[in-house]
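Source file work.txt; content: compact mmCIF, C-alpha atoms.
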# COMPACT_ATOMS: atom_id res chain seq x y z
CA MET A 1 -16.66 42.66 5.40
CA ASP A 2 -17.52 39.43 3.63
CA GLY A 3 -16.43 36.45 5.73
CA LEU A 4 -14.56 34.80 2.89
CA GLU A 5 -12.66 37.97 2.01
CA LEU A 6 -11.78 38.45 5.65
CA LEU A 7 -10.40 34.95 5.75
CA LYS A 8 -8.51 35.50 2.53
CA LYS A 9 -6.91 38.62 3.96
CA ASN A 10 -5.77 36.71 7.00
CA TRP A 11 -5.05 33.44 5.23
CA LYS A 12 -1.29 33.79 5.22
CA LYS A 13 -1.19 34.41 8.94
CA GLN A 14 -1.95 30.80 9.74
CA GLU A 15 1.43 29.84 8.37
CA ALA A 16 3.11 30.73 11.63
CA THR A 17 1.13 27.98 13.32
CA LEU A 18 1.66 25.26 10.74
CA PRO A 19 3.72 22.21 11.68
CA LYS A 20 7.25 21.95 10.33
CA VAL A 21 8.65 18.75 8.92
CA SER A 22 12.42 18.51 8.72
CA TYR A 23 14.53 17.57 5.72
CA ASP A 24 15.37 14.22 7.30
CA GLU A 25 11.77 13.39 8.04
CA ILE A 26 10.74 14.02 4.44
CA TYR A 27 13.68 11.96 3.30
CA LYS A 28 12.53 9.04 5.38
CA MET A 29 8.97 9.32 4.10
CA ILE A 30 9.94 8.75 0.49
CA TRP A 31 11.45 5.38 1.35
CA LYS A 32 8.52 4.16 3.36
CA ARG A 33 6.70 2.52 0.48
CA SER A 34 9.04 -0.32 -0.32
CA SER A 35 9.45 -1.01 3.33
CA SER A 36 5.72 -1.36 3.87
CA ILE A 37 5.34 -3.74 0.91
CA VAL A 38 8.11 -5.91 2.30
CA LYS A 39 6.53 -5.73 5.71
CA TRP A 40 3.34 -7.18 4.22
CA ILE A 41 5.27 -9.98 2.60
CA PHE A 42 6.69 -10.80 6.02
CA ILE A 43 3.29 -10.65 7.73
CA ILE A 44 1.62 -12.80 5.08
CA SER A 45 4.37 -15.40 5.36
CA ILE A 46 3.78 -15.64 9.11
CA PHE A 47 0.05 -16.00 8.59
CA GLU A 48 0.63 -18.66 6.00
CA PHE A 49 2.89 -20.58 8.34
CA VAL A 50 0.46 -20.37 11.26
CA ILE A 51 -2.55 -21.33 9.12
CA GLY A 52 -0.56 -24.23 7.65
CA VAL A 53 0.27 -25.54 11.11
CA LEU A 54 -3.31 -25.11 12.32
CA LEU A 55 -4.69 -26.92 9.28
CA ASN A 56 -2.22 -29.76 9.70
CA VAL A 57 -2.97 -30.18 13.36
CA GLY A 58 -6.70 -29.58 13.00
CA LEU A 59 -7.28 -31.88 10.04
CA ALA A 60 -5.04 -34.68 11.18
CA ASP A 61 -7.25 -36.68 13.50
CA LYS A 62 -6.73 -40.23 14.78
CA GLU A 63 -8.26 -41.76 11.71
CA TYR A 64 -5.85 -39.91 9.48
CA TRP A 65 -2.86 -41.13 11.46
CA ASN A 66 -4.24 -44.66 11.56
CA SER A 67 -4.63 -44.81 7.84
CA LEU A 68 -1.13 -43.46 7.45
CA GLU A 69 0.14 -46.08 9.82
CA GLN A 70 -1.45 -48.81 7.76
CA LEU A 71 0.48 -47.53 4.80
CA ASP A 72 3.70 -47.31 6.86
CA LEU A 73 3.72 -43.61 6.17
CA LYS A 74 3.24 -42.23 9.66
CA GLU A 75 6.89 -41.72 10.47
CA VAL A 76 7.75 -40.38 7.07
CA THR A 77 4.87 -37.93 7.27
CA ILE A 78 6.01 -36.63 10.64
CA TRP A 79 9.48 -36.16 9.23
CA ILE A 80 8.14 -34.36 6.21
CA TYR A 81 6.04 -32.07 8.38
CA GLY A 82 9.04 -31.30 10.55
CA ILE A 83 11.39 -30.57 7.68
CA ASN A 84 8.75 -28.50 5.94
CA TYR A 85 8.17 -26.42 9.06
CA LEU A 86 11.88 -25.83 9.45
CA ILE A 87 12.30 -24.70 5.87
CA THR A 88 9.19 -22.52 6.02
CA LEU A 89 10.43 -20.94 9.24
CA PHE A 90 13.72 -20.30 7.53
CA PHE A 91 11.88 -18.40 4.80
CA VAL A 92 9.86 -16.45 7.36
CA PHE A 93 13.14 -15.48 8.95
CA ARG A 94 14.55 -14.42 5.56
CA PHE A 95 11.45 -12.31 4.94
CA TYR A 96 11.96 -10.69 8.31
CA MET A 97 15.60 -9.94 7.56
CA ASN A 98 14.61 -8.42 4.22
CA TYR A 99 12.14 -6.20 6.01
CA ARG A 100 14.72 -5.14 8.58
CA ARG A 101 17.25 -4.40 5.90
CA ILE A 102 14.93 -2.35 3.72
CA ASN A 103 13.70 -0.43 6.70
CA ALA A 104 17.19 0.72 7.50
CA THR A 105 18.14 1.51 3.93
CA SER A 106 19.26 5.00 3.20
CA SER A 107 20.27 5.05 -0.42
CA ALA A 108 18.51 4.24 -3.64
CA LYS A 109 21.25 1.89 -4.76
CA LYS A 110 20.93 -0.25 -1.67
CA LEU A 111 17.18 -0.14 -1.84
CA MET A 112 17.27 -1.47 -5.38
CA ARG A 113 19.50 -4.29 -4.28
CA ASP A 114 17.20 -5.08 -1.37
CA ILE A 115 14.17 -5.11 -3.63
CA ILE A 116 15.85 -7.60 -5.93
CA ARG A 117 16.79 -9.72 -2.96
CA THR A 118 13.25 -9.68 -1.58
CA ARG A 119 11.77 -10.64 -4.92
CA LYS A 120 14.24 -13.47 -5.18
CA THR A 121 13.37 -14.76 -1.72
CA VAL A 122 9.66 -14.76 -2.47
CA LYS A 123 10.18 -16.48 -5.79
CA SER A 124 12.40 -19.18 -4.35
CA TYR A 125 9.88 -19.69 -1.57
CA ILE A 126 7.08 -20.25 -4.07
CA LEU A 127 9.34 -22.54 -6.06
CA TYR A 128 10.15 -24.51 -2.92
CA VAL A 129 6.46 -24.94 -2.08
CA LEU A 130 5.60 -26.12 -5.59
CA ILE A 131 8.51 -28.53 -5.98
CA SER A 132 8.17 -30.03 -2.52
CA LEU A 133 4.44 -30.48 -3.04
CA ALA A 134 5.01 -32.16 -6.38
CA ILE A 135 7.59 -34.58 -4.99
CA VAL A 136 5.61 -35.45 -1.88
CA THR A 137 2.37 -35.94 -3.80
CA LEU A 138 4.01 -38.14 -6.40
CA ALA A 139 5.73 -40.22 -3.75
CA TYR A 140 2.51 -40.69 -1.80
CA VAL A 141 0.53 -41.64 -4.86
CA TYR A 142 3.18 -44.21 -5.73
CA ILE A 143 3.29 -45.68 -2.23
CA ILE A 144 -0.49 -45.86 -1.92
CA ILE A 145 -0.80 -47.67 -5.23
CA TYR A 146 2.04 -49.98 -4.35
CA HIS A 147 0.36 -50.88 -1.06
CA HIS A 148 -2.94 -51.34 -2.73
CA ILE A 149 -1.47 -53.81 -5.18
CA GLN A 150 0.23 -55.74 -2.39
CA ASP A 151 -2.73 -55.81 -0.05
CA THR A 152 -5.37 -56.74 -2.54
CA GLN A 153 -5.85 -60.39 -3.19
CA VAL A 154 -7.37 -61.12 -6.48
CA THR A 155 -8.31 -64.57 -7.67
CA ASP A 156 -8.86 -63.67 -11.25
CA ASN A 157 -6.23 -61.30 -12.50
CA THR A 158 -7.47 -60.68 -15.98
CA PRO A 159 -9.66 -57.57 -15.43
CA TYR A 160 -6.75 -55.91 -13.63
CA VAL A 161 -4.06 -56.49 -16.15
CA PHE A 162 -2.85 -53.21 -17.59
CA ASP A 163 -1.63 -53.03 -21.12
CA ALA A 164 0.62 -50.24 -22.32
CA LEU A 165 -2.28 -47.93 -23.21
CA ASP A 166 -3.85 -48.39 -19.80
CA TRP A 167 -0.60 -47.45 -18.12
CA LEU A 168 -0.29 -44.44 -20.34
CA LYS A 169 -3.83 -43.36 -19.46
CA PHE A 170 -3.22 -43.97 -15.80
CA THR A 171 0.04 -42.01 -15.58
CA GLY A 172 -1.38 -39.32 -17.85
CA ILE A 173 -4.39 -38.77 -15.62
CA THR A 174 -2.25 -38.79 -12.48
CA VAL A 175 0.18 -36.26 -13.89
CA ILE A 176 -2.65 -34.02 -15.11
CA ALA A 177 -4.37 -34.21 -11.73
CA ILE A 178 -1.19 -33.26 -9.91
CA GLY A 179 -0.55 -30.57 -12.51
CA ILE A 180 -3.96 -29.02 -11.89
CA PHE A 181 -3.44 -29.25 -8.16
CA LEU A 182 -0.10 -27.45 -8.44
CA ALA A 183 -1.54 -24.86 -10.81
CA VAL A 184 -4.22 -24.03 -8.26
CA ILE A 185 -1.58 -23.64 -5.56
CA TRP A 186 0.55 -21.54 -7.90
CA PHE A 187 -2.42 -19.33 -8.70
CA PHE A 188 -3.11 -18.91 -5.00
CA TYR A 189 0.45 -17.77 -4.40
CA GLN A 190 0.27 -15.40 -7.33
CA LEU A 191 -2.70 -13.79 -5.65
CA LEU A 192 -1.05 -13.78 -2.27
CA TYR A 193 2.36 -12.44 -3.20
CA GLY A 194 1.98 -11.48 -6.84
CA ILE A 195 0.39 -8.11 -6.23
CA LEU A 196 3.06 -7.18 -3.71
CA LEU A 197 5.82 -8.38 -6.01
CA ARG A 198 4.45 -6.33 -8.89
CA ARG A 199 4.36 -3.24 -6.72
CA LEU A 200 7.91 -3.83 -5.65
CA LYS A 201 8.88 -4.17 -9.27
CA LYS A 202 7.19 -0.90 -10.13
CA ASN A 203 9.00 0.75 -7.30
CA TYR A 204 12.21 -0.70 -8.62
CA THR A 205 11.61 0.58 -12.15
CA GLN A 206 10.97 4.02 -10.77
CA LEU A 207 14.21 3.93 -8.89
CA GLU A 208 15.95 2.73 -12.00
CA ASN A 209 14.49 5.58 -14.01
CA LEU A 210 15.72 8.03 -11.43
CA ASP A 211 19.11 6.50 -11.79
CA CYS A 212 19.14 7.02 -15.54
CA ASP A 213 18.21 10.68 -15.38
CA MET B 1 22.77 10.91 -9.72
CA ASP B 2 19.80 9.56 -7.80
CA LYS B 3 21.14 11.07 -4.63
CA GLU B 4 21.15 14.43 -6.27
CA LEU B 5 17.56 14.09 -7.42
CA GLU B 6 16.49 12.99 -3.97
CA HIS B 7 18.22 15.93 -2.44
CA GLN B 8 16.67 18.28 -4.96
CA PHE B 9 13.20 16.94 -4.30
CA VAL B 10 13.45 16.86 -0.53
CA SER B 11 14.79 20.38 -0.25
CA LYS B 12 12.14 21.72 -2.58
CA LEU B 13 9.43 20.01 -0.64
CA GLU B 14 10.89 21.23 2.61
CA ARG B 15 10.77 24.77 1.32
CA HIS B 16 7.19 24.47 0.06
CA GLN B 17 5.78 22.24 2.75
CA ASN B 18 3.34 24.92 3.92
CA ILE B 19 1.18 24.22 0.89
CA ALA B 20 0.78 20.60 1.94
CA HIS B 21 0.18 21.48 5.57
CA LYS B 22 -2.54 23.95 4.71
CA ILE B 23 -4.25 21.30 2.62
CA CYS B 24 -3.89 18.74 5.39
CA ARG B 25 -5.37 21.14 7.88
CA LEU B 26 -8.33 21.72 5.62
CA TYR B 27 -8.96 18.07 4.78
CA THR B 28 -8.38 16.31 8.09
CA HIS B 29 -9.73 16.62 11.58
CA ASP B 30 -6.98 15.55 13.88
CA ARG B 31 -3.25 15.62 14.03
CA GLU B 32 -2.75 11.98 13.27
CA SER B 33 -4.64 12.08 10.01
CA HIS B 34 -2.94 15.38 9.24
CA ASN B 35 0.40 13.61 9.41
CA ASP B 36 -0.97 10.66 7.47
CA LEU B 37 -2.16 12.82 4.64
CA PHE B 38 1.07 14.77 4.65
CA GLN B 39 2.99 11.55 4.24
CA GLU B 40 0.69 10.38 1.48
CA ILE B 41 1.15 13.68 -0.34
CA THR B 42 4.92 13.39 0.04
CA ILE B 43 4.87 9.89 -1.44
CA GLN B 44 2.65 10.91 -4.33
CA LEU B 45 4.84 13.92 -5.08
CA TRP B 46 7.95 11.77 -5.02
CA LYS B 47 6.30 9.20 -7.27
CA ALA B 48 5.38 11.88 -9.76
CA TYR B 49 8.61 13.81 -9.45
CA PRO B 50 10.41 12.08 -12.34
CA LYS B 51 7.65 13.39 -14.58
CA PHE B 52 7.96 16.90 -13.24
CA ARG B 53 10.20 18.58 -15.75
CA GLY B 54 10.48 22.04 -14.37
CA ASP B 55 8.39 23.64 -17.11
CA ALA B 56 5.93 24.58 -14.40
CA LYS B 57 6.86 26.02 -11.06
CA PHE B 58 7.38 23.43 -8.38
CA SER B 59 4.73 25.05 -6.21
CA THR B 60 2.15 25.07 -9.03
CA TRP B 61 2.80 21.43 -9.70
CA MET B 62 2.66 20.70 -6.00
CA TYR B 63 -0.77 22.28 -5.64
CA ARG B 64 -2.09 19.92 -8.27
CA VAL B 65 -0.58 16.72 -6.96
CA ALA B 66 -1.28 17.50 -3.32
CA LEU B 67 -4.93 18.42 -3.92
CA ASN B 68 -5.40 15.37 -6.08
CA THR B 69 -4.05 13.23 -3.31
CA ALA B 70 -6.32 14.83 -0.75
CA ILE B 71 -9.38 14.48 -2.98
CA THR B 72 -8.96 11.08 -4.57
CA LEU B 73 -6.46 8.92 -2.77
CA TYR B 74 -7.12 10.01 0.73
CA ARG B 75 -10.86 9.89 0.35
CA LYS B 76 -10.69 6.30 -0.82
CA LYS B 77 -8.36 5.25 1.92
CA LYS B 78 -9.65 6.90 5.00
CA ARG B 79 -13.00 7.84 6.26
CA GLY B 80 -12.19 7.31 9.86
CA ILE B 81 -14.06 8.51 12.88
CA ARG B 82 -13.81 12.20 13.25
CA THR B 83 -12.10 12.82 16.49
CA GLN B 84 -11.89 16.51 16.80
CA ASP B 85 -8.62 17.82 17.94
CA PHE B 86 -9.10 21.34 19.17
CA ASP B 87 -5.73 22.41 17.86
CA THR B 88 -6.37 21.77 14.23
CA VAL B 89 -10.08 22.32 13.92
CA HIS B 90 -9.86 26.03 14.25
CA PHE B 91 -8.26 28.45 11.98
CA LYS B 92 -5.20 29.41 13.89
CA ILE B 93 -3.66 32.81 13.89
CA LYS B 94 -1.85 34.79 16.48
CA THR B 95 -4.80 35.72 18.61
CA GLU B 96 -3.59 38.84 20.30
CA GLU B 97 -3.80 40.80 17.08
CA TYR B 98 -7.54 40.39 16.84
CA ASP B 99 -10.59 41.26 18.77
CA ASP B 100 -12.78 38.39 19.75
CA GLU B 101 -15.40 39.09 17.17
CA THR B 102 -13.05 38.96 14.21
CA GLU B 103 -11.43 35.86 15.51
CA GLN B 104 -14.75 34.18 16.00
CA GLN B 105 -15.81 35.13 12.51
CA LEU B 106 -12.62 33.72 11.03
CA GLY B 107 -13.12 30.50 12.93
CA LEU B 108 -16.72 30.18 11.80
CA MET B 109 -15.77 30.79 8.21
CA TYR B 110 -12.96 28.27 8.34
CA ASN B 111 -15.17 25.60 9.85
CA ALA B 112 -17.87 26.27 7.28
CA ILE B 113 -15.29 25.64 4.54
CA LYS B 114 -14.28 22.41 6.21
CA GLU B 115 -17.87 21.25 5.86
CA LEU B 116 -17.84 21.69 2.08
CA ASN B 117 -17.30 18.70 -0.15
CA ASP B 118 -13.78 17.77 -1.25
CA ILE B 119 -13.89 19.47 -4.63
CA GLU B 120 -15.44 22.66 -3.30
CA LYS B 121 -12.82 22.72 -0.61
CA ALA B 122 -10.08 22.53 -3.20
CA LEU B 123 -11.59 25.43 -5.09
CA VAL B 124 -11.91 27.63 -2.01
CA PHE B 125 -8.41 26.69 -0.96
CA LEU B 126 -6.92 27.88 -4.24
CA TYR B 127 -9.05 31.00 -4.06
CA LEU B 128 -7.74 31.74 -0.57
CA GLU B 129 -4.22 31.08 -1.82
CA ASP B 130 -4.87 34.02 -4.13
CA LYS B 131 -4.84 32.05 -7.35
CA ASN B 132 -6.70 33.50 -10.30
CA TYR B 133 -9.38 31.53 -12.11
CA LYS B 134 -7.05 30.51 -14.88
CA GLU B 135 -4.66 28.95 -12.38
CA ILE B 136 -7.51 27.39 -10.44
CA SER B 137 -8.97 25.81 -13.56
CA GLU B 138 -5.60 24.46 -14.62
CA THR B 139 -4.81 23.02 -11.24
CA LEU B 140 -8.14 21.29 -10.86
CA GLY B 141 -8.54 20.32 -14.49
CA ILE B 142 -11.86 22.08 -15.02
CA SER B 143 -12.79 24.90 -17.37
CA GLU B 144 -12.37 28.49 -16.29
CA VAL B 145 -16.09 29.15 -16.67
CA ASN B 146 -16.90 26.14 -14.59
CA ALA B 147 -14.49 27.31 -11.89
CA ARG B 148 -16.14 30.72 -11.77
CA VAL B 149 -19.66 29.32 -11.63
CA LYS B 150 -18.72 26.84 -8.92
CA MET B 151 -16.92 29.50 -6.89
CA ASN B 152 -19.90 31.83 -7.04
CA ARG B 153 -22.16 29.07 -5.84
CA ILE B 154 -19.82 28.32 -2.96
CA LYS B 155 -19.69 32.00 -1.99
CA THR B 156 -23.47 32.12 -1.76
CA LYS B 157 -23.48 28.92 0.23
CA LEU B 158 -20.93 30.25 2.68
CA LYS B 159 -22.79 33.52 3.10
CA SER B 160 -25.91 31.69 4.12
CA VAL B 161 -23.92 29.70 6.65
CA LEU B 162 -22.71 32.84 8.37
CA ASN B 163 -25.94 34.84 8.13
CA PRO B 164 -28.72 32.31 8.41
Can you give me the file's structure in the form of structure tokens?
Amino acid sequence: MDGLELLKKNWKKQEATLPKVSYDEIYKMIWKRSSSIVKWIFIISIFEFVIGVLLNVGLADKEYWNSLEQLDLKEVTIWIYGINYLITLFFVFRFYMNYRRINATSSAKKLMRDIIRTRKTVKSYILYVLISLAIVTLAYVYIIIYHHIQDTQVTDNTPYVFDALDWLKFTGITVIAIGIFLAVIWFFYQLLYGILLRRLKKNYTQLENLDCD
Amino acid sequence: MDKELEHQFVSKLERHQNIAHKICRLYTHDRESHNDLFQEITIQLWKAYPKFRGDAKFSTWMYRVALNTAITLYRKKKRGIRTQDFDTVHFKIKTEEYDDETEQQLGLMYNAIKELNDIEKALVFLYLEDKNYKEISETLGISEVNARVKMNRIKTKLKSVLNP
């Protein structure tokens, strides 16, 4: 007999040897997706934290600290680093809790709530990063300029006198520069978390649709 | 409401899971990737389930989604090292019913099919599942003529594998 026909005749017999997956196992599988997205959010946040610390420690050499000291900013900077680490760690912890929670979720209702919560955490984290960066940058720019004015001794003041237009230009350029800087950071975060957030949202809409049916 | 739908889906899939397992066995080479693909198929089915409106049979719909997953999604995701797990490589049937020669022939045939490309495999699978060409063409989204021509080519190919 033809090999293929022989196989076809006996095809059904393999069913006795197929694995069996239980109702509960299938049930668990359909919730895995959200949990793995949230897991990635958690992992990325850890990476971000570690890379942030490494960059801070690696880039801050003696010279950097010396120049900060000259500006009387050394202590403040250490405080800012410390507070920033604490807050970031707090967010990492929140991400972890979200992951734990979603992993243990058994109903669609709860899952939807957890998805909303996770999205909120990520969004407030990004907001925190942007606002804190804006404030710190503005403060540093102000202090540096202030110091510069105090430390510089000028005999003839006339070329340095700012009229209203000059001030406007100066603040305008500063604000635009900081704005661009923040936009770049924002864009970076959109790349980092945006894709995951969109997937979560899609997942959420699906769940919502199920709910409506 | 959602609970009910979940329950509906899970029990249907539980009942028809053999379809997915047979596909997994055909498309993967060890138990781990078998389970991986099974999970992927489950997720894809669940994702598509809201669109499944019962105008087709669940099993018919499942053939389509599961094969699509095996062909497109899984191919993109995994092309791992092929560690051959003796258990799943061979076509498994209750051996005592057969003489060695038949069993060997079945094994050879099955392995030859595993060597086909992903689309051909899907075609042969549906053929072995005793689907007619109309069903095969609908499931795979090709024309009936095309399905016939392809199937004939595969048959010739398989013959030459067994009788070189």
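Near Val21 (chain A), within a cut-off of 12 Å and counting all atoms listed in the file, sit the residues A:Glu25, A:Ile26, A:Tyr27, A:Lys28, A:Met29, B:Val10, B:Ser11, B:Leu13, B:Glu14, B:Arg15, B:His16, B:Gln17, B:Asn18, B:Ala20, B:His21, B:Asn35, B:Phe38, B:Gln39, B:Thr42, with same-chain residues fewer than 4 positions away left out.
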Using only C-alpha atoms, which residues of region 3-57 of chain B come within 9 Å of region 108-125 of chain B, and what is the closest atom pair for each, with the distance in Å to one decimal? Give it as a Markdown table, sorted by chain and residue number.
| residue | atom | partner | partner_atom | distance |
| --- | --- | --- | --- | --- |
| B:Lys22 | CA | B:Phe125 | CA | 8.6 |
| B:Ile23 | CA | B:Phe125 | CA | 7.7 |
| B:Leu26 | CA | B:Lys114 | CA | 6.0 |
| B:Tyr27 | CA | B:Lys114 | CA | 7.0 |
| B:Thr28 | CA | B:Lys114 | CA | 8.7 |
Please save C-alpha atoms of the selected residues as a PDB file, in the frame of the given file.
ATOM      1  CA  LYS B  22      -2.540  23.950   4.710  1.00  0.00           C
ATOM      2  CA  ILE B  23      -4.250  21.300   2.620  1.00  0.00           C
ATOM      3  CA  LEU B  26      -8.330  21.720   5.620  1.00  0.00           C
ATOM      4  CA  TYR B  27      -8.960  18.070   4.780  1.00  0.00           C
ATOM      5  CA  THR B  28      -8.380  16.310   8.090  1.00  0.00           C
TER       6      THR B  28
END
*Find the residues around Arg119 (chain A) up to 9 Å (all atoms listed in the file counted), leave out those fewer than 5 positions away in its own chain, and share them as a list of chain:residue names.*
A:Asp114, A:Ser124, A:Leu197, A:Leu200, A:Lys201
*asked:* Set the cut-off to 7 Å and count all atoms listed in the file: what are the residues of chain A that reach chain B? Output as a list in words.
replied: Gly3, Leu4, Leu7, Lys8, Trp11, Lys13, Gln14, Glu15, Thr17, Leu18, Ser22, Tyr23, Ile26, Tyr27, Met29, Ile30, Ala108, Leu210 and Asp211 of chain A
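Here CA of Ser33 (chain B) and CA of Pro19 (chain A) stand 13.2 Å from one another.
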*Separation of CA of Glu138 (chain B) and CA of Arg64 (chain B), in Å?*
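These atoms are spaced 8.6 Å apart.
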*asked:* Please report the interatomic distance between CA of Glu48 (chain A) and CA of Lys120 (chain A) in Å with one decimal.
replied: 18.4 Å
